[in-house]
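Asker: Data file start04.tsv (TSV, C-alpha atoms and all ligand atoms) is appended below.
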chain	number	residue	atom	x	y	z
W	1	MET	CA	-0.21	28.28	-0.40
W	2	SER	CA	0.48	24.68	0.58
W	3	PRO	CA	-2.16	22.12	-0.42
W	4	LYS	CA	-4.55	20.51	2.08
W	5	PRO	CA	-2.65	18.01	4.28
W	6	ILE	CA	-2.99	14.24	3.74
W	7	ARG	CA	-4.55	12.93	6.96
W	8	LYS	CA	-6.34	9.81	5.77
W	9	ALA	CA	-5.21	6.61	4.11
W	10	VAL	CA	-7.26	3.87	2.50
W	11	PHE	CA	-5.98	0.28	2.55
W	12	PRO	CA	-7.90	-2.03	0.23
W	13	VAL	CA	-7.62	-5.38	2.05
W	14	ALA	CA	-10.73	-7.27	0.95
W	15	GLY	CA	-8.90	-9.59	-1.48
W	16	LEU	CA	-9.18	-13.35	-1.03
W	17	GLY	CA	-5.44	-14.00	-1.29
W	18	THR	CA	-5.99	-17.14	-3.38
W	19	ARG	CA	-2.37	-17.15	-4.56
W	20	PHE	CA	-1.26	-17.92	-1.02
W	21	LEU	CA	-3.64	-20.79	-0.24
W	22	PRO	CA	-3.70	-22.76	1.96
W	23	ALA	CA	-1.89	-20.18	4.17
W	24	THR	CA	-4.67	-17.66	3.59
W	25	LYS	CA	-7.63	-19.98	4.18
W	26	VAL	CA	-8.14	-18.54	7.69
W	27	VAL	CA	-5.42	-15.89	8.02
W	28	PRO	CA	-5.78	-12.78	5.82
W	29	LYS	CA	-2.85	-12.37	3.43
W	30	GLU	CA	-2.16	-8.94	4.94
W	31	LEU	CA	-1.44	-10.65	8.29
W	32	LEU	CA	1.18	-13.04	6.92
W	33	PRO	CA	4.46	-12.10	8.57
W	34	VAL	CA	7.50	-10.74	6.82
W	35	VAL	CA	10.00	-11.82	9.51
W	36	ASP	CA	7.95	-10.81	12.58
W	37	ARG	CA	5.59	-8.07	11.43
W	38	PRO	CA	2.48	-8.67	9.37
W	39	LEU	CA	2.53	-7.19	5.89
W	40	ILE	CA	-0.13	-4.61	6.81
W	41	GLN	CA	2.05	-3.28	9.64
W	42	TYR	CA	4.72	-2.14	7.16
W	43	ALA	CA	2.13	-0.13	5.22
W	44	VAL	CA	0.61	1.43	8.36
W	45	ASP	CA	4.08	2.36	9.66
W	46	GLU	CA	4.86	3.97	6.30
W	47	ALA	CA	1.60	5.96	6.52
W	48	ARG	CA	2.34	7.17	10.04
W	49	GLU	CA	5.84	8.22	9.06
W	50	ALA	CA	4.22	10.40	6.37
W	51	GLY	CA	2.04	12.13	9.00
W	52	ILE	CA	-1.17	10.24	8.18
W	53	GLU	CA	-3.52	9.88	11.17
W	54	GLN	CA	-6.57	7.96	10.06
W	55	MET	CA	-6.36	4.41	8.67
W	56	ILE	CA	-9.35	3.23	6.67
W	57	PHE	CA	-9.42	-0.49	5.91
W	58	VAL	CA	-11.67	-1.69	3.13
W	59	THR	CA	-12.23	-5.24	4.32
W	60	GLY	CA	-14.43	-8.19	3.51
W	61	ARG	CA	-15.66	-11.42	5.06
W	62	GLY	CA	-13.07	-13.24	7.14
W	63	LYS	CA	-10.73	-10.27	7.32
W	64	THR	CA	-11.61	-8.80	10.70
W	65	GLY	CA	-8.25	-9.99	12.06
W	66	ILE	CA	-6.68	-6.96	10.39
W	67	VAL	CA	-8.72	-4.57	12.55
W	68	GLU	CA	-8.07	-6.75	15.63
W	69	HIS	CA	-4.35	-6.39	15.00
W	70	PHE	CA	-4.61	-2.65	15.63
W	71	ASP	CA	-6.65	-3.06	18.82
W	72	ILE	CA	-5.48	-3.69	22.39
W	73	ALA	CA	-5.17	-7.38	23.27
W	74	PHE	CA	-6.11	-7.04	26.92
W	75	GLU	CA	-5.42	-10.58	28.20
W	76	LEU	CA	-2.15	-10.79	26.30
W	77	GLU	CA	-0.91	-7.46	27.63
W	78	GLN	CA	-2.09	-8.18	31.17
W	79	THR	CA	-0.31	-11.54	31.21
W	80	MET	CA	2.83	-10.07	29.69
W	81	SER	CA	2.87	-7.26	32.28
W	82	GLU	CA	2.43	-9.72	35.15
W	83	ARG	CA	5.38	-11.69	33.84
W	84	GLY	CA	7.46	-8.53	33.57
W	85	LYS	CA	7.72	-8.76	29.77
W	86	ASP	CA	8.48	-5.78	27.56
W	87	LEU	CA	5.33	-4.47	25.85
W	88	SER	CA	7.12	-2.02	23.57
W	89	VAL	CA	7.04	-4.56	20.74
W	90	LEU	CA	3.27	-3.90	20.55
W	91	GLU	CA	3.65	-0.13	20.31
W	92	CYS	CA	3.26	-0.10	16.51
W	93	THR	CA	-0.12	-1.85	16.79
W	94	ARG	CA	-1.68	0.87	18.93
W	95	ALA	CA	-4.02	3.35	17.32
W	96	THR	CA	-5.43	6.62	18.55
W	97	PRO	CA	-9.03	5.85	19.53
W	98	GLY	CA	-11.29	6.38	16.53
W	99	ASP	CA	-8.46	6.45	14.01
W	100	VAL	CA	-8.85	2.89	12.73
W	101	ILE	CA	-11.95	2.55	10.61
W	102	ALA	CA	-13.23	-0.46	8.70
W	103	VAL	CA	-15.67	-0.38	5.82
W	104	ARG	CA	-16.78	-3.43	3.90
W	105	GLN	CA	-16.56	-4.17	0.24
W	106	GLN	CA	-19.33	-6.75	-0.07
W	107	VAL	CA	-18.57	-7.85	-3.63
W	108	PRO	CA	-15.12	-8.00	-5.25
W	109	LEU	CA	-15.76	-5.67	-8.19
W	110	GLY	CA	-12.20	-4.33	-8.48
W	111	LEU	CA	-9.73	-1.92	-6.91
W	112	GLY	CA	-11.65	1.16	-8.08
W	113	HIS	CA	-14.79	-0.15	-6.41
W	114	ALA	CA	-12.89	-0.95	-3.19
W	115	ILE	CA	-11.63	2.64	-2.95
W	116	TRP	CA	-15.11	4.00	-3.71
W	117	CYS	CA	-16.43	1.99	-0.72
W	118	ALA	CA	-14.45	4.39	1.54
W	119	ARG	CA	-15.98	7.56	0.06
W	120	ALA	CA	-18.10	8.53	3.10
W	121	ILE	CA	-15.09	8.31	5.43
W	122	VAL	CA	-12.71	10.08	3.05
W	123	GLY	CA	-15.19	12.92	2.56
W	124	ASP	CA	-13.97	16.05	0.86
W	125	GLU	CA	-10.24	15.70	1.53
W	126	PRO	CA	-7.24	14.55	-0.44
W	127	PHE	CA	-6.21	11.08	0.73
W	128	ALA	CA	-3.57	8.40	0.34
W	129	ILE	CA	-3.97	4.82	-0.83
W	130	PHE	CA	-1.66	1.94	0.09
W	131	LEU	CA	-1.75	-1.45	-1.63
W	132	PRO	CA	-0.10	-3.49	1.15
W	133	ASP	CA	1.13	-6.17	-1.30
W	134	GLU	CA	3.69	-3.66	-2.45
W	135	LEU	CA	6.23	-3.53	0.36
W	136	MET	CA	8.27	-0.34	0.14
W	137	VAL	CA	11.40	-0.16	2.24
W	138	ALA	CA	13.33	3.05	2.88
W	139	ARG	CA	17.06	3.22	2.32
W	140	GLU	CA	19.15	3.18	5.47
W	141	GLY	CA	18.79	6.68	6.91
W	142	GLY	CA	16.25	7.54	4.18
W	143	THR	CA	12.49	8.06	4.27
W	144	GLY	CA	9.61	5.85	3.19
W	145	CYS	CA	7.77	6.03	-0.10
W	146	MET	CA	4.68	7.91	1.14
W	147	LYS	CA	6.78	10.47	2.98
W	148	GLN	CA	8.68	11.15	-0.25
W	149	MET	CA	5.35	11.49	-2.05
W	150	VAL	CA	3.89	13.86	0.57
W	151	GLU	CA	6.98	16.05	0.22
W	152	ALA	CA	6.47	16.19	-3.55
W	153	TYR	CA	2.75	16.82	-3.02
W	154	ASN	CA	3.52	19.83	-0.83
W	155	ASP	CA	5.32	21.32	-3.86
W	156	VAL	CA	3.01	20.41	-6.73
W	157	GLY	CA	-0.37	19.52	-5.16
W	158	GLY	CA	-2.98	17.58	-7.11
W	159	ASN	CA	-2.64	13.84	-7.64
W	160	LEU	CA	0.48	11.69	-7.31
W	161	ILE	CA	1.27	8.03	-7.84
W	162	SER	CA	4.45	6.11	-7.12
W	163	VAL	CA	6.08	4.53	-10.15
W	164	LEU	CA	9.02	2.30	-10.93
W	165	GLU	CA	10.53	0.80	-14.06
W	166	VAL	CA	10.11	-2.89	-14.82
W	167	PRO	CA	11.31	-4.98	-17.75
W	168	MET	CA	8.94	-4.31	-20.68
W	169	GLU	CA	7.62	-7.90	-20.73
W	170	GLN	CA	6.13	-7.39	-17.22
W	171	VAL	CA	4.06	-4.27	-17.92
W	172	SER	CA	0.82	-6.11	-18.70
W	173	SER	CA	0.46	-7.04	-15.00
W	174	TYR	CA	0.29	-3.40	-13.91
W	175	GLY	CA	-1.04	0.11	-14.45
W	176	VAL	CA	1.34	1.94	-16.81
W	177	ILE	CA	1.95	5.67	-17.24
W	178	ASP	CA	2.48	7.74	-20.34
W	179	PRO	CA	5.31	9.92	-19.01
W	180	GLY	CA	5.79	13.59	-19.79
W	181	LYS	CA	8.57	15.85	-18.53
W	182	THR	CA	10.81	14.54	-15.74
W	183	ASP	CA	12.40	16.70	-13.06
W	184	GLY	CA	14.44	14.66	-10.58
W	185	ALA	CA	12.13	12.05	-9.01
W	186	LEU	CA	9.01	13.78	-10.36
W	187	THR	CA	7.48	12.92	-13.76
W	188	GLU	CA	4.43	14.47	-15.31
W	189	VAL	CA	1.70	11.93	-16.08
W	190	LEU	CA	0.09	12.43	-19.49
W	191	GLY	CA	-1.89	9.21	-19.56
W	192	LEU	CA	-2.57	6.00	-17.65
W	193	VAL	CA	-3.55	2.56	-18.85
W	194	GLU	CA	-4.36	-0.56	-16.82
W	195	LYS	CA	-2.67	-3.83	-17.82
W	196	PRO	CA	-1.93	-2.97	-21.46
W	197	PRO	CA	-0.57	-5.57	-23.91
W	198	VAL	CA	3.23	-5.14	-24.12
W	199	ASP	CA	3.10	-3.67	-27.64
W	200	GLU	CA	0.54	-1.03	-26.62
W	201	ALA	CA	2.17	0.08	-23.35
W	202	PRO	CA	3.16	3.78	-23.36
W	203	SER	CA	6.27	3.10	-21.21
W	204	ASN	CA	7.76	0.62	-18.75
W	205	LYS	CA	6.93	2.85	-15.76
W	206	ILE	CA	4.36	1.05	-13.65
W	207	VAL	CA	2.07	2.23	-10.88
W	208	SER	CA	3.53	0.68	-7.74
W	209	GLY	CA	0.82	0.78	-5.12
W	210	ARG	CA	0.98	4.22	-3.49
W	211	TYR	CA	-1.34	7.07	-4.39
W	212	ILE	CA	-2.24	10.58	-3.23
W	213	LEU	CA	-5.57	11.50	-4.79
W	214	GLN	CA	-8.01	14.37	-4.69
W	215	PRO	CA	-11.52	13.52	-3.45
W	216	GLU	CA	-13.00	14.19	-6.92
W	217	VAL	CA	-11.80	10.71	-7.88
W	218	MET	CA	-14.70	9.32	-5.81
W	219	ARG	CA	-17.19	11.10	-8.07
W	220	VAL	CA	-15.45	9.66	-11.13
W	221	LEU	CA	-15.49	6.17	-9.60
W	222	GLU	CA	-19.21	6.48	-8.97
W	223	ASN	CA	-19.86	6.14	-12.70
W	224	GLN	CA	-16.78	4.14	-13.66
W	225	GLY	CA	-17.61	1.15	-15.87
W	226	LYS	CA	-15.67	-2.11	-15.93
W	227	GLY	CA	-12.19	-2.11	-17.45
W	228	ALA	CA	-9.30	-4.58	-17.67
W	229	GLY	CA	-10.22	-8.03	-16.35
W	230	GLY	CA	-13.90	-7.01	-16.13
W	231	GLU	CA	-13.15	-5.01	-12.96
W	232	ILE	CA	-13.82	-1.40	-11.96
W	233	GLN	CA	-10.30	-0.04	-12.23
W	234	LEU	CA	-8.85	2.83	-10.18
W	235	THR	CA	-6.42	3.48	-13.06
W	236	ASP	CA	-9.31	4.24	-15.45
W	237	ALA	CA	-10.84	6.73	-13.01
W	238	MET	CA	-7.45	8.42	-12.44
W	239	ALA	CA	-6.90	8.66	-16.20
W	240	LYS	CA	-10.02	10.84	-16.42
W	241	MET	CA	-8.57	13.31	-13.90
W	242	ILE	CA	-5.49	13.99	-16.04
W	243	GLY	CA	-5.82	17.43	-17.60
W	244	GLN	CA	-8.41	18.48	-14.98
W	245	GLN	CA	-5.94	18.54	-12.08
W	246	PRO	CA	-2.14	18.29	-11.74
W	247	PHE	CA	-1.00	14.65	-12.05
W	248	HIS	CA	2.54	13.50	-11.27
W	249	ALA	CA	4.47	10.30	-10.69
W	250	VAL	CA	7.16	9.93	-8.03
W	251	THR	CA	9.99	7.45	-8.45
W	252	PHE	CA	10.64	6.05	-4.99
W	253	ASP	CA	14.22	6.20	-3.77
W	254	GLY	CA	14.28	2.90	-1.87
W	255	ALA	CA	13.49	-0.78	-2.37
W	256	ARG	CA	10.19	-2.34	-3.44
W	257	TYR	CA	9.10	-5.95	-3.04
W	258	ASP	CA	6.03	-7.38	-4.73
W	259	CYS	CA	4.53	-9.46	-1.93
W	260	GLY	CA	1.58	-10.29	-4.16
W	261	SER	CA	3.74	-13.11	-5.53
W	262	LYS	CA	5.33	-15.93	-3.55
W	263	VAL	CA	8.80	-15.27	-4.91
W	264	GLY	CA	8.46	-11.56	-4.09
W	265	PHE	CA	7.32	-12.47	-0.59
W	266	VAL	CA	10.37	-14.68	-0.04
W	267	GLU	CA	12.60	-11.94	-1.46
W	268	ALA	CA	11.12	-9.38	0.98
W	269	THR	CA	11.54	-11.77	3.88
W	270	LEU	CA	15.18	-12.43	3.02
W	271	ALA	CA	16.02	-8.78	2.37
W	272	ILE	CA	14.45	-7.59	5.61
W	273	ALA	CA	15.96	-10.42	7.67
W	274	LEU	CA	19.41	-9.68	6.21
W	275	SER	CA	19.07	-5.99	7.08
W	276	ARG	CA	18.06	-6.59	10.70
W	277	PRO	CA	20.80	-5.93	13.25
W	278	ASP	CA	19.40	-8.64	15.56
W	279	MET	CA	19.56	-11.46	13.01
W	280	GLY	CA	21.20	-10.27	9.78
W	281	ALA	CA	24.55	-11.95	10.38
W	282	ASP	CA	22.98	-15.30	11.31
W	283	VAL	CA	20.63	-15.27	8.32
W	284	ARG	CA	23.51	-14.40	6.01
W	285	ALA	CA	25.55	-17.33	7.30
W	286	ILE	CA	22.57	-19.67	6.83
W	287	ALA	CA	21.84	-18.37	3.32
W	288	LEU	CA	25.46	-18.79	2.24
W	289	ASP	CA	25.49	-22.30	3.64
W	290	LEU	CA	22.27	-23.21	1.78
W	291	LEU	CA	23.72	-21.86	-1.46
W	292	LYS	CA	26.82	-24.02	-1.27
W	301	LIG	C1	-3.20	-2.97	-8.97
W	301	LIG	C2	-3.45	-1.74	-9.85
W	301	LIG	C3	-2.29	-1.54	-10.83
W	301	LIG	C4	-0.99	-1.46	-10.07
W	301	LIG	C5	-0.80	-2.70	-9.17
W	301	LIG	C6	0.42	-2.53	-8.29
W	301	LIG	O1	-3.27	-4.12	-9.78
W	301	LIG	O2	-4.67	-1.91	-10.54
W	301	LIG	O3	-2.50	-0.37	-11.58
W	301	LIG	O4	0.09	-1.34	-10.98
W	301	LIG	O5	-1.94	-2.90	-8.33
W	301	LIG	O6	0.66	-3.69	-7.55
W	301	LIG	P1	-3.51	-5.61	-9.17
W	301	LIG	O7	-2.19	-6.04	-8.60
W	301	LIG	O8	-4.57	-5.48	-8.14
W	301	LIG	O9	-3.92	-6.44	-10.34
How would this structure read if it were set down as structure tokens?
Answerer:
Amino acid sequence: MSPKPIRKAVFPVAGLGTRFLPATKVVPKELLPVVDRPLIQYAVDEAREAGIEQMIFVTGRGKTGIVEHFDIAFELEQTMSERGKDLSVLECTRATPGDVIAVRQQVPLGLGHAIWCARAIVGDEPFAIFLPDELMVAREGGTGCMKQMVEAYNDVGGNLISVLEVPMEQVSSYGVIDPGKTDGALTEVLGLVEKPPVDEAPSNKIVSGRYILQPEVMRVLENQGKGAGGEIQLTDAMAKMIGQQPFHAVTFDGARYDCGSKVGFVEATLAIALSRPDMGADVRAIALDLLK
């Protein structure tokens, strides 16, 4: 029997984006463009490709622009139509009525708390989580990270997280897995630890911002105390599910950019610009010239 389908995705987007000030004083970080699409658009497109229908944004003060982005901009569209302009560029911002939902995280108590804020909308279904800072790009002709995870989920069920290997000295910035048996892209997860010191990390395989979780995690989060950094950590709640339910990691076959850092953001912008048929050649010529 195949497991229950993944129809809902939670996007924690309440963060203040202080690392990108002053750019993020008024504009939410998730709306900063990578070339010509806001960061959040890449995550929503990845979710749709994986068959996910309902997008749940966990927002906060000053972040309503994210929900606006997925609404119809009547005056804009009217004016564009009158001028005979092509509206297809806005296609990716359209949502099925009722399928974009915003809940608020009033106080920044951590990622685990942000996810818990969506519990009433998630209900009793398995669901996906996207951390939009992690920009996952499919290989040419390949599929996105969540689609690869959903395919694995259809085989093994339970809980899945995306992982990738980083140099050992970087592990203390991330959630880290204790890996068990590996079969192709799939690795059993025996343990999870959030932001461990380098010498205590069980591996260099880090949790890279995509999750498929069973709804029971919400019950665990309900009573989850503070962990690393004094925050309620999703990683700690997930760790408690290991042994109760299947738990696997998927190594994404594709590219990942950490847009939570400025250098990662520039890297993503360059990589995507270089891969675009409409501008790749020009950008390449400019980059080579700048490097001279
Ligand atoms: C969060 C998670 C961490 C994960 C990381 C991926 O950390 O808590 O487990 O590895 O995202 O980007 P944060 O970046 O919010 O500190």
Asker: Using only C-alpha atoms and all ligand atoms, which protein or nucleic acid residues are at most 7 Å from ligand LIG 301 (chain W), as an MDAnalysis selection string?
Answerer: chainID W and resid 111 131 133:134 173:176 194 206:209 233:235
Asker: Using all atoms listed in the file for the distances, tell me which of W:Asp253, W:Glu165, W:Asp258, W:Glu231 is nearest to Ala114 in chain W.
Answerer: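 Of the candidates, the smallest distance to Ala114 in chain W is held by W:Glu231.
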Asker: What does the distance from CA of Gly65 in chain W to CA of Val89 in chain W come to in Å, to one decimal?
Answerer: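 Computed distance, CA of Gly65 in chain W to CA of Val89 in chain W, equals 18.4 Å.
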Asker: Grab the CA of Gln214 in chain W to CA of Phe127 in chain W distance for me, in Å with one decimal place.
Answerer: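 Straight-line distance from CA of Gln214 in chain W to CA of Phe127 in chain W works out to 6.6 Å.
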Asker: Quick one, how far is CA of Lys262 in chain W from CA of Gln105 in chain W?
Answerer: 25.1 Å
Asker: List every residue of range 116-142 of chain W that has an atom at most 12 Å from any atom of range 33-55 of chain W, giving for each one its closest atom pair and the distance in Å to one decimal, counting all atoms listed in the file, sorted by chain and then by ascending residue number, as JSON lines.
Answerer:
{"residue": "W:Ala118", "atom": "CA", "partner": "W:Met55", "partner_atom": "CA", "distance": 10.8}
{"residue": "W:Ile121", "atom": "CA", "partner": "W:Gln54", "partner_atom": "CA", "distance": 9.7}
{"residue": "W:Val122", "atom": "CA", "partner": "W:Gln54", "partner_atom": "CA", "distance": 9.6}
{"residue": "W:Pro126", "atom": "CA", "partner": "W:Ile52", "partner_atom": "CA", "distance": 11.4}
{"residue": "W:Phe127", "atom": "CA", "partner": "W:Ile52", "partner_atom": "CA", "distance": 9.0}
{"residue": "W:Ala128", "atom": "CA", "partner": "W:Ile52", "partner_atom": "CA", "distance": 8.4}
{"residue": "W:Ile129", "atom": "CA", "partner": "W:Ala47", "partner_atom": "CA", "distance": 9.3}
{"residue": "W:Phe130", "atom": "CA", "partner": "W:Ala43", "partner_atom": "CA", "distance": 6.7}
{"residue": "W:Leu131", "atom": "CA", "partner": "W:Ala43", "partner_atom": "CA", "distance": 8.0}
{"residue": "W:Pro132", "atom": "CA", "partner": "W:Ala43", "partner_atom": "CA", "distance": 5.7}
{"residue": "W:Asp133", "atom": "CA", "partner": "W:Leu39", "partner_atom": "CA", "distance": 7.4}
{"residue": "W:Glu134", "atom": "CA", "partner": "W:Ala43", "partner_atom": "CA", "distance": 8.6}
{"residue": "W:Leu135", "atom": "CA", "partner": "W:Tyr42", "partner_atom": "CA", "distance": 7.1}
{"residue": "W:Met136", "atom": "CA", "partner": "W:Ala43", "partner_atom": "CA", "distance": 8.0}
{"residue": "W:Val137", "atom": "CA", "partner": "W:Tyr42", "partner_atom": "CA", "distance": 8.5}
{"residue": "W:Ala138", "atom": "CA", "partner": "W:Glu46", "partner_atom": "CA", "distance": 9.2}
{"residue": "W:Gly142", "atom": "CA", "partner": "W:Glu49", "partner_atom": "CA", "distance": 11.5}
Asker: Save out the residues we just selected, C-alpha atoms, as a PDB file, keeping the file's coordinate frame.
Answerer:
ATOM      1  CA  ALA W 118     -14.450   4.390   1.540  1.00  0.00           C
ATOM      2  CA  ILE W 121     -15.090   8.310   5.430  1.00  0.00           C
ATOM      3  CA  VAL W 122     -12.710  10.080   3.050  1.00  0.00           C
ATOM      4  CA  PRO W 126      -7.240  14.550  -0.440  1.00  0.00           C
ATOM      5  CA  PHE W 127      -6.210  11.080   0.730  1.00  0.00           C
ATOM      6  CA  ALA W 128      -3.570   8.400   0.340  1.00  0.00           C
ATOM      7  CA  ILE W 129      -3.970   4.820  -0.830  1.00  0.00           C
ATOM      8  CA  PHE W 130      -1.660   1.940   0.090  1.00  0.00           C
ATOM      9  CA  LEU W 131      -1.750  -1.450  -1.630  1.00  0.00           C
ATOM     10  CA  PRO W 132      -0.100  -3.490   1.150  1.00  0.00           C
ATOM     11  CA  ASP W 133       1.130  -6.170  -1.300  1.00  0.00           C
ATOM     12  CA  GLU W 134       3.690  -3.660  -2.450  1.00  0.00           C
ATOM     13  CA  LEU W 135       6.230  -3.530   0.360  1.00  0.00           C
ATOM     14  CA  MET W 136       8.270  -0.340   0.140  1.00  0.00           C
ATOM     15  CA  VAL W 137      11.400  -0.160   2.240  1.00  0.00           C
ATOM     16  CA  ALA W 138      13.330   3.050   2.880  1.00  0.00           C
ATOM     17  CA  GLY W 142      16.250   7.540   4.180  1.00  0.00           C
TER      18      GLY W 142
END
Asker: Rank W:Asp155, W:Asp278, W:Glu140, W:Glu188 by their smallest atom-to-atom distance to Gly243 in chain W, using only C-alpha atoms, and report the top residue only.
Answerer: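 Selected residue with least distance to Gly243 in chain W: W:Glu188.
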Asker: So for range 85-92 of chain W, what box centre and size do we get, axis-aligned, 8 Å extra on each of the six sides, every listed atom, Å to one decimal, as AutoDock Vina command-line options?
Answerer:
--center_x 5.9 --center_y -4.4 --center_z 23.1 --size_x 21.2 --size_y 24.7 --size_z 29.3
Asker: Which residue out of W:Ala249, W:Leu192, W:Leu32, W:Ile72 has the minimum interatomic distance to Val266 in chain W when all atoms listed in the file are used?
Answerer: W:Leu32
Asker: Using all atoms listed in the file for the distances, tell me which of W:Ile232, W:Leu190, W:Ala287, W:Leu90 is nearest to Gln244 in chain W.
Answerer: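 Closest residue, counting all atoms listed in the file: W:Leu190.
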Asker: Taking all atoms listed in the file into account, name the residue in W:Tyr153, W:Glu216, W:Phe70, W:Cys259 that is nearest to Thr93 in chain W.
Answerer: W:Phe70
Asker: Write out as a list in words the residues lying within 10 Å of Ala152 in chain W, counting only C-alpha atoms and excluding same-chain residues fewer than 2 positions away.
Answerer: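 What passes the distance filter is Met146, Lys147, Gln148, Met149, Val150, Asn154, Asp155, Val156, Gly157, Leu160, Ala185, Leu186, His248, Ala249 and Val250 of chain W.
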